[in-house]
Amino acid sequence: MMNRRRFLCGTGSAIALGLVGLPKFALGNLPATALTIPEHLKHNPLLDFSGLPKYSQIKPKHIVPAMQFLFDTAKTVIDTVAAQPVITWQNFYYPLANIDNQINRAWSVASNLHSVANSDELRDAYNEMLGLSSDFYSWRGMHKPLFDAVMTLKNSAEFASFDIEQQKSIDDAILDFRLSGIDLPADKQEKLAQIQKRLSELSSQYSNNVLDATAGWSQTFDNADALKGLNESALESAKQAAKDKGETGYRIGINTTSYVAVMNYADDAALRAKVHEAFATKASDAGPNAGKWDNTPVIAEILSLRLQLAQLLGFKNYAEYSLATKMADSPAEVMEFLNGLAARSRKQAQAQLAELTAFAKQNYGVDKLNAWDIAYYTEKHRHALYSFDKEKLRVYFPEQKVLSGLFEIAKRLFGVTIREAQADVWDKSVRFYEVFDAQNRHKASFYLDMYARENKKEGAWMATAIDRIRHADGSVQLPVAILVLNCRKPSEGQPSLLLHDEVTTLFHEFGHGMNLMLTQMQVQGVTGLNGVPWDAIEMPSQLMEGFTTNRESLPFISAHYQTGEPLPSDLLDKLLEAKHYQGAISLTRQLEFAIFDMKVNMEYTADKPDNFAQALYLQTTKDIGVTPIPDYVRRPNFFSHIFAGGYAAGYYSYLWSELLSTDGFAKFEEEGVLSPVVGKKFEDTILSQGGSRPPMDLYVAYRGRKPKLEALLANYGIH
């Protein structure tokens, strides 16, 4: 998250068998069956599969030639493999898995750079690569001989002797072929391929518009008086932002870090209102950059094409299509789950807002809370109730202490040791770590990209850099993850000091990483995060968040950055007491997003106007939410999760998975928060199993029963 969000993998359907997918990232040494590279491409670093990527050598000009060569090679392999007179696992899976691994390695680098070090040249190359990819995977998904070969394996006597990984990957492959249009007549297959390609282009365009719009608004002040209320750390960050642009003074923007600082702490209500409008209207037809980078027509076309795609494949709407590969059985089941949570939380959320409003009136003479006032007076109210300021807690969460504590918790739970190592990286601030098991055997690795910077996508996510798979020669490819956050850069001479929320986000992404790095599956379609239904994929990451608000584990990750003194007991008490502060409001906010996402993909019809998504969003906030939302807010225009991030008709997954994770963390609380026994159970039944089994079966194996809704409600303080 994955933000929260979280970006886990590309959008679109994928043929499994470990063979396919829209490219998933993969790195590592290849066995002897590596490619024969033609002379004119031998110096292309994207085709150097001898180890980790050589990021310092990779240029945008390398991307398209490398990917074109790999896709062309894959077509030859597919045609050859599918034409074999006798199909076995050995002669079918391994040749395809090998070329897929090579494609994924090159794709991973380009995709990662597009997210963390964007440029005009890279963007052009990436967009061209998306077109090549869409063409290739559409061709592959409709390759009848390849499908027939998979069905031969499914119907063979050999199938009964396959292990559960092999059987699951074959079953997933068949489903994905169906969702790729294998049963359609030729004219409809061509139409589907055109839709998929255009959706890929639109997704990239949407993301680029959000990135450009975020970078396209800022304001620099000559002195700090205009930013009164911001603490020293935030002011230093604003000063550094100005310096990075060759300016003097203090520069604020609408990237998340800067925006949150202003909304929470700036005393000037007019400034908060100005920044709020700039943030809430980015990439839209409203606000200070109205019409520039406007995603409104992009959204309209995405919704239209999604509906066409779903109906071509026999679904009523895109929500039904999306849920075909998820735990939830139907949109109706999801809406019942979400509406049930809304009914349980809205009254308490209204009471929490009324309490905040009364506090602001009594203590500050404010009669009405506007959208740009909520966060500001929330911090004032939180401080009055619990006597601490989230910003002032930063001094107790220096980055290195948090990391060392995180690694110690992982060691106690899973028996792994994490050590920093050297690697070629895309920015000098990026670090690389190796993971070793209790016998000191190298188990996995990960990159950690902590800091916000220009031309880096906002949010936080985990990306798969390599999946654990077994090659035909018996060698095992070790997994590698990429963990990305957007925290403040350290001030000169100071360490990076994290918000507690950022600590939670780090644990979240690390949880995704553990899901990848501790897998024991070896078939590409079900190893790591592959084959895991989208609405279960957040469970390990959200469970790891529990260690950031637990009295036993918090001391491992907190200490004053100057004195080393532990978080004072009174502050620790207040932090834990504040855990449920405005929990019902927080839940209703998540429900707004999730219900809007389901409805926009359920209710869209071809005759809807271009502003359908915007109107539906505002109506949903009125029906579900309790905080004021001005009509100028254009949230759909920068809601990247559902229009560019793979969460379409799937945003509910955060709450669906949270039901599993909160009840799952309760097992640690019941039997020992840092218990290696519970940690081993979690690893063996969840983390190591990848997508080899239904998530609920794995959960019951871990917990001994199905999850209880009360644990989720209790996590928000709802009773």
# chains A, B, ... in the order shown; residues from 1 in each chain; ligands from 1
>>> residues_around(residues="Asp467 (chain A)", least_positions_apart="5", cutoff="12 Å", atoms="only C-alpha atoms", output="PyMOL selection string")
chain A and resi 18+23-29+97+100-102+104-105+108+443-446+476-482+513+515-530+690
>>> write_last_selection(atoms="C-alpha atoms", output="PDB file, in the first residue's frame")
ATOM      1  CA  GLY A  18       3.306 -18.221 -13.352  1.00  0.00           C
ATOM      2  CA  PRO A  23       4.368  -7.789 -16.149  1.00  0.00           C
ATOM      3  CA  LYS A  24       5.239  -8.314 -12.539  1.00  0.00           C
ATOM      4  CA  PHE A  25       8.653  -7.101 -11.498  1.00  0.00           C
ATOM      5  CA  ALA A  26      11.409  -9.716 -11.183  1.00  0.00           C
ATOM      6  CA  LEU A  27      15.156  -9.594 -10.633  1.00  0.00           C
ATOM      7  CA  GLY A  28      17.917 -12.113 -10.074  1.00  0.00           C
ATOM      8  CA  ASN A  29      20.310 -14.474 -11.795  1.00  0.00           C
ATOM      9  CA  ALA A  97       8.300 -19.134 -17.098  1.00  0.00           C
ATOM     10  CA  ASP A 100       8.362 -14.322 -18.520  1.00  0.00           C
ATOM     11  CA  ASN A 101      11.042 -13.916 -15.897  1.00  0.00           C
ATOM     12  CA  GLN A 102      13.204 -12.068 -18.406  1.00  0.00           C
ATOM     13  CA  ASN A 104       9.476  -9.085 -15.861  1.00  0.00           C
ATOM     14  CA  ARG A 105      13.031  -8.133 -14.983  1.00  0.00           C
ATOM     15  CA  SER A 108      10.376  -3.931 -13.316  1.00  0.00           C
ATOM     16  CA  LYS A 443      16.578 -15.608   2.015  1.00  0.00           C
ATOM     17  CA  ALA A 444      15.523 -12.388   0.274  1.00  0.00           C
ATOM     18  CA  SER A 445      16.428  -8.719  -0.302  1.00  0.00           C
ATOM     19  CA  PHE A 446      14.711  -5.354  -0.522  1.00  0.00           C
ATOM     20  CA  VAL A 476      15.785 -21.137  -6.754  1.00  0.00           C
ATOM     21  CA  GLN A 477      15.437 -17.452  -7.518  1.00  0.00           C
ATOM     22  CA  LEU A 478      15.312 -15.420  -4.313  1.00  0.00           C
ATOM     23  CA  PRO A 479      12.674 -12.707  -3.897  1.00  0.00           C
ATOM     24  CA  VAL A 480      13.399  -8.980  -3.833  1.00  0.00           C
ATOM     25  CA  ALA A 481      10.981  -6.224  -2.812  1.00  0.00           C
ATOM     26  CA  ILE A 482      10.889  -2.461  -3.342  1.00  0.00           C
ATOM     27  CA  GLY A 513       7.372  -7.148   1.760  1.00  0.00           C
ATOM     28  CA  ASN A 515       4.435 -11.573   2.308  1.00  0.00           C
ATOM     29  CA  LEU A 516       6.716 -11.563  -0.730  1.00  0.00           C
ATOM     30  CA  MET A 517      10.032 -12.373   0.927  1.00  0.00           C
ATOM     31  CA  LEU A 518       8.938 -15.210   3.242  1.00  0.00           C
ATOM     32  CA  THR A 519       6.996 -17.162   0.628  1.00  0.00           C
ATOM     33  CA  GLN A 520       7.932 -20.798   0.169  1.00  0.00           C
ATOM     34  CA  MET A 521       5.945 -21.217  -3.036  1.00  0.00           C
ATOM     35  CA  GLN A 522       8.010 -21.794  -6.163  1.00  0.00           C
ATOM     36  CA  VAL A 523       5.519 -21.718  -9.051  1.00  0.00           C
ATOM     37  CA  GLN A 524       5.413 -18.213 -10.455  1.00  0.00           C
ATOM     38  CA  GLY A 525       1.623 -17.904 -10.608  1.00  0.00           C
ATOM     39  CA  VAL A 526       1.129 -18.466  -6.877  1.00  0.00           C
ATOM     40  CA  THR A 527       4.370 -17.371  -5.224  1.00  0.00           C
ATOM     41  CA  GLY A 528       4.576 -14.252  -3.064  1.00  0.00           C
ATOM     42  CA  LEU A 529       1.642 -11.985  -3.842  1.00  0.00           C
ATOM     43  CA  ASN A 530       0.788 -13.716  -7.110  1.00  0.00           C
ATOM     44  CA  GLY A 690       1.274 -17.062  -1.457  1.00  0.00           C
TER      45      GLY A 690
END
>>> select_by_dssp(residues="region 25-255 of chain A", states="strand (DSSP E or B)", output="list in words")
Ser218, Gln219, Thr220, Phe221, Tyr250, Arg251, Ile252 and Gly253 of chain A
>>> write_last_selection(atoms="N, CA, C and O atoms", output="PDB file, in the first residue's frame")
ATOM      1  N   SER A 218       2.533  25.695  -6.198  1.00  0.00           N
ATOM      2  CA  SER A 218       3.339  25.942  -5.000  1.00  0.00           C
ATOM      3  C   SER A 218       3.290  27.427  -4.688  1.00  0.00           C
ATOM      4  O   SER A 218       2.868  28.238  -5.518  1.00  0.00           O
ATOM      5  N   GLN A 219       3.722  27.785  -3.501  1.00  0.00           N
ATOM      6  CA  GLN A 219       3.826  29.187  -3.109  1.00  0.00           C
ATOM      7  C   GLN A 219       5.026  29.341  -2.195  1.00  0.00           C
ATOM      8  O   GLN A 219       5.253  28.517  -1.302  1.00  0.00           O
ATOM      9  N   THR A 220       5.814  30.377  -2.445  1.00  0.00           N
ATOM     10  CA  THR A 220       7.013  30.633  -1.642  1.00  0.00           C
ATOM     11  C   THR A 220       6.837  31.941  -0.877  1.00  0.00           C
ATOM     12  O   THR A 220       6.405  32.955  -1.451  1.00  0.00           O
ATOM     13  N   PHE A 221       7.161  31.896   0.405  1.00  0.00           N
ATOM     14  CA  PHE A 221       7.043  33.063   1.269  1.00  0.00           C
ATOM     15  C   PHE A 221       8.430  33.548   1.675  1.00  0.00           C
ATOM     16  O   PHE A 221       9.346  32.752   1.888  1.00  0.00           O
ATOM     17  N   TYR A 250      10.475  30.145   2.089  1.00  0.00           N
ATOM     18  CA  TYR A 250       9.799  28.925   2.518  1.00  0.00           C
ATOM     19  C   TYR A 250       8.774  28.535   1.453  1.00  0.00           C
ATOM     20  O   TYR A 250       7.850  29.298   1.154  1.00  0.00           O
ATOM     21  N   ARG A 251       8.930  27.348   0.902  1.00  0.00           N
ATOM     22  CA  ARG A 251       8.084  26.909  -0.210  1.00  0.00           C
ATOM     23  C   ARG A 251       7.151  25.792   0.250  1.00  0.00           C
ATOM     24  O   ARG A 251       7.583  24.792   0.812  1.00  0.00           O
ATOM     25  N   ILE A 252       5.864  25.983   0.014  1.00  0.00           N
ATOM     26  CA  ILE A 252       4.884  24.943   0.303  1.00  0.00           C
ATOM     27  C   ILE A 252       4.252  24.505  -1.010  1.00  0.00           C
ATOM     28  O   ILE A 252       4.234  25.249  -1.996  1.00  0.00           O
ATOM     29  N   GLY A 253       3.745  23.289  -1.011  1.00  0.00           N
ATOM     30  CA  GLY A 253       3.093  22.762  -2.202  1.00  0.00           C
ATOM     31  C   GLY A 253       1.897  21.927  -1.815  1.00  0.00           C
ATOM     32  O   GLY A 253       1.422  21.970  -0.674  1.00  0.00           O
TER      33      GLY A 253
END
>>> residues_around(residues="region 63-66 of chain A", least_positions_apart="5", cutoff="7 Å", atoms="only C-alpha atoms", output="VMD selection string")
chain A and resid 46 to 47 110 125 128 to 129
>>> write_last_selection(atoms="all heavy atoms", output="mmCIF file, in the first residue's frame")
data_model
loop_
_atom_site.group_PDB
_atom_site.id
_atom_site.type_symbol
_atom_site.label_atom_id
_atom_site.label_comp_id
_atom_site.auth_asym_id
_atom_site.auth_seq_id
_atom_site.Cartn_x
_atom_site.Cartn_y
_atom_site.Cartn_z
ATOM 1 N N LEU A 46 19.143 -3.106 -19.799
ATOM 2 C CA LEU A 46 17.886 -3.749 -19.419
ATOM 3 C C LEU A 46 17.890 -5.233 -19.754
ATOM 4 O O LEU A 46 17.072 -5.995 -19.232
ATOM 5 C CB LEU A 46 16.702 -3.071 -20.113
ATOM 6 C CG LEU A 46 16.101 -1.850 -19.429
ATOM 7 C CD1 LEU A 46 14.926 -1.323 -20.228
ATOM 8 C CD2 LEU A 46 15.673 -2.165 -18.016
ATOM 9 N N LEU A 47 18.792 -5.641 -20.637
ATOM 10 C CA LEU A 47 18.887 -7.047 -21.009
ATOM 11 C C LEU A 47 20.058 -7.743 -20.322
ATOM 12 O O LEU A 47 20.410 -8.869 -20.670
ATOM 13 C CB LEU A 47 19.012 -7.175 -22.535
ATOM 14 C CG LEU A 47 17.812 -6.639 -23.324
ATOM 15 C CD1 LEU A 47 18.081 -6.710 -24.817
ATOM 16 C CD2 LEU A 47 16.543 -7.416 -22.981
ATOM 17 N N ALA A 110 11.910 -0.393 -15.627
ATOM 18 C CA ALA A 110 11.252 0.746 -16.270
ATOM 19 C C ALA A 110 10.068 1.246 -15.450
ATOM 20 O O ALA A 110 9.871 2.455 -15.271
ATOM 21 C CB ALA A 110 10.799 0.356 -17.678
ATOM 22 N N ALA A 125 9.000 6.992 -23.133
ATOM 23 C CA ALA A 125 9.420 5.601 -23.334
ATOM 24 C C ALA A 125 8.481 4.640 -22.609
ATOM 25 O O ALA A 125 8.111 3.582 -23.150
ATOM 26 C CB ALA A 125 10.849 5.416 -22.840
ATOM 27 N N GLU A 128 5.203 4.274 -24.477
ATOM 28 C CA GLU A 128 5.364 3.414 -25.650
ATOM 29 C C GLU A 128 5.460 1.955 -25.218
ATOM 30 O O GLU A 128 4.934 1.055 -25.881
ATOM 31 C CB GLU A 128 6.594 3.830 -26.451
ATOM 32 C CG GLU A 128 6.704 3.129 -27.789
ATOM 33 C CD GLU A 128 7.820 3.672 -28.679
ATOM 34 O OE1 GLU A 128 8.401 4.722 -28.329
ATOM 35 O OE2 GLU A 128 8.102 3.033 -29.715
ATOM 36 N N MET A 129 6.151 1.715 -24.108
ATOM 37 C CA MET A 129 6.258 0.358 -23.581
ATOM 38 C C MET A 129 4.886 -0.185 -23.185
ATOM 39 O O MET A 129 4.593 -1.374 -23.397
ATOM 40 C CB MET A 129 7.194 0.351 -22.369
ATOM 41 C CG MET A 129 7.424 -1.025 -21.764
ATOM 42 S SD MET A 129 8.558 -1.001 -20.343
ATOM 43 C CE MET A 129 7.498 -0.292 -19.079
#
>>> select_by_dssp(residues="region 74-127 of chain A", states="helix (DSSP H, G or I)", output="MDAnalysis selection string")
chainID A and resid 74:82 89:116 120:127
>>> closest_residue(among="A:Ile686, A:Ile624, A:Leu271, A:Val210", to="Ala226 (chain A)", atoms="only C-alpha atoms")
A:Leu271
>>> residues_around(residues="region 697-710 of chain A", least_positions_apart="2", cutoff="8 Å", atoms="only C-alpha atoms", output="VMD selection string")
chain A and resid 659 to 660 663 to 664 667 681 to 682 685 to 686 693 to 695 712 to 714
>>> write_last_selection(atoms="C-alpha atoms", output="compact mmCIF listing (two decimals), in the first residue's frame")
# COMPACT_ATOMS: atom_id res chain seq x y z
CA LEU A 659 -11.40 -7.46 9.13
CA LEU A 660 -8.88 -10.30 8.76
CA ASP A 663 -8.83 -10.20 14.25
CA GLY A 664 -5.52 -11.78 13.21
CA LYS A 667 -4.01 -13.63 18.27
CA LYS A 681 2.24 -19.80 12.83
CA PHE A 682 1.53 -16.61 10.89
CA THR A 685 -0.10 -20.45 7.36
CA ILE A 686 -0.24 -17.03 5.66
CA ARG A 693 -4.93 -21.67 -1.41
CA PRO A 694 -8.16 -19.73 -0.77
CA PRO A 695 -7.40 -16.91 1.70
CA LEU A 712 -12.64 -4.51 13.12
CA LEU A 713 -15.14 -2.24 14.87
CA ALA A 714 -13.06 -2.24 18.03
>>> residues_around(residues="Trp426 (chain A)", least_positions_apart="5", cutoff="12 Å", atoms="only C-alpha atoms", output="PyMOL selection string")
chain A and resi 53-59+109-110+112-118+431-432+447-449+456+482
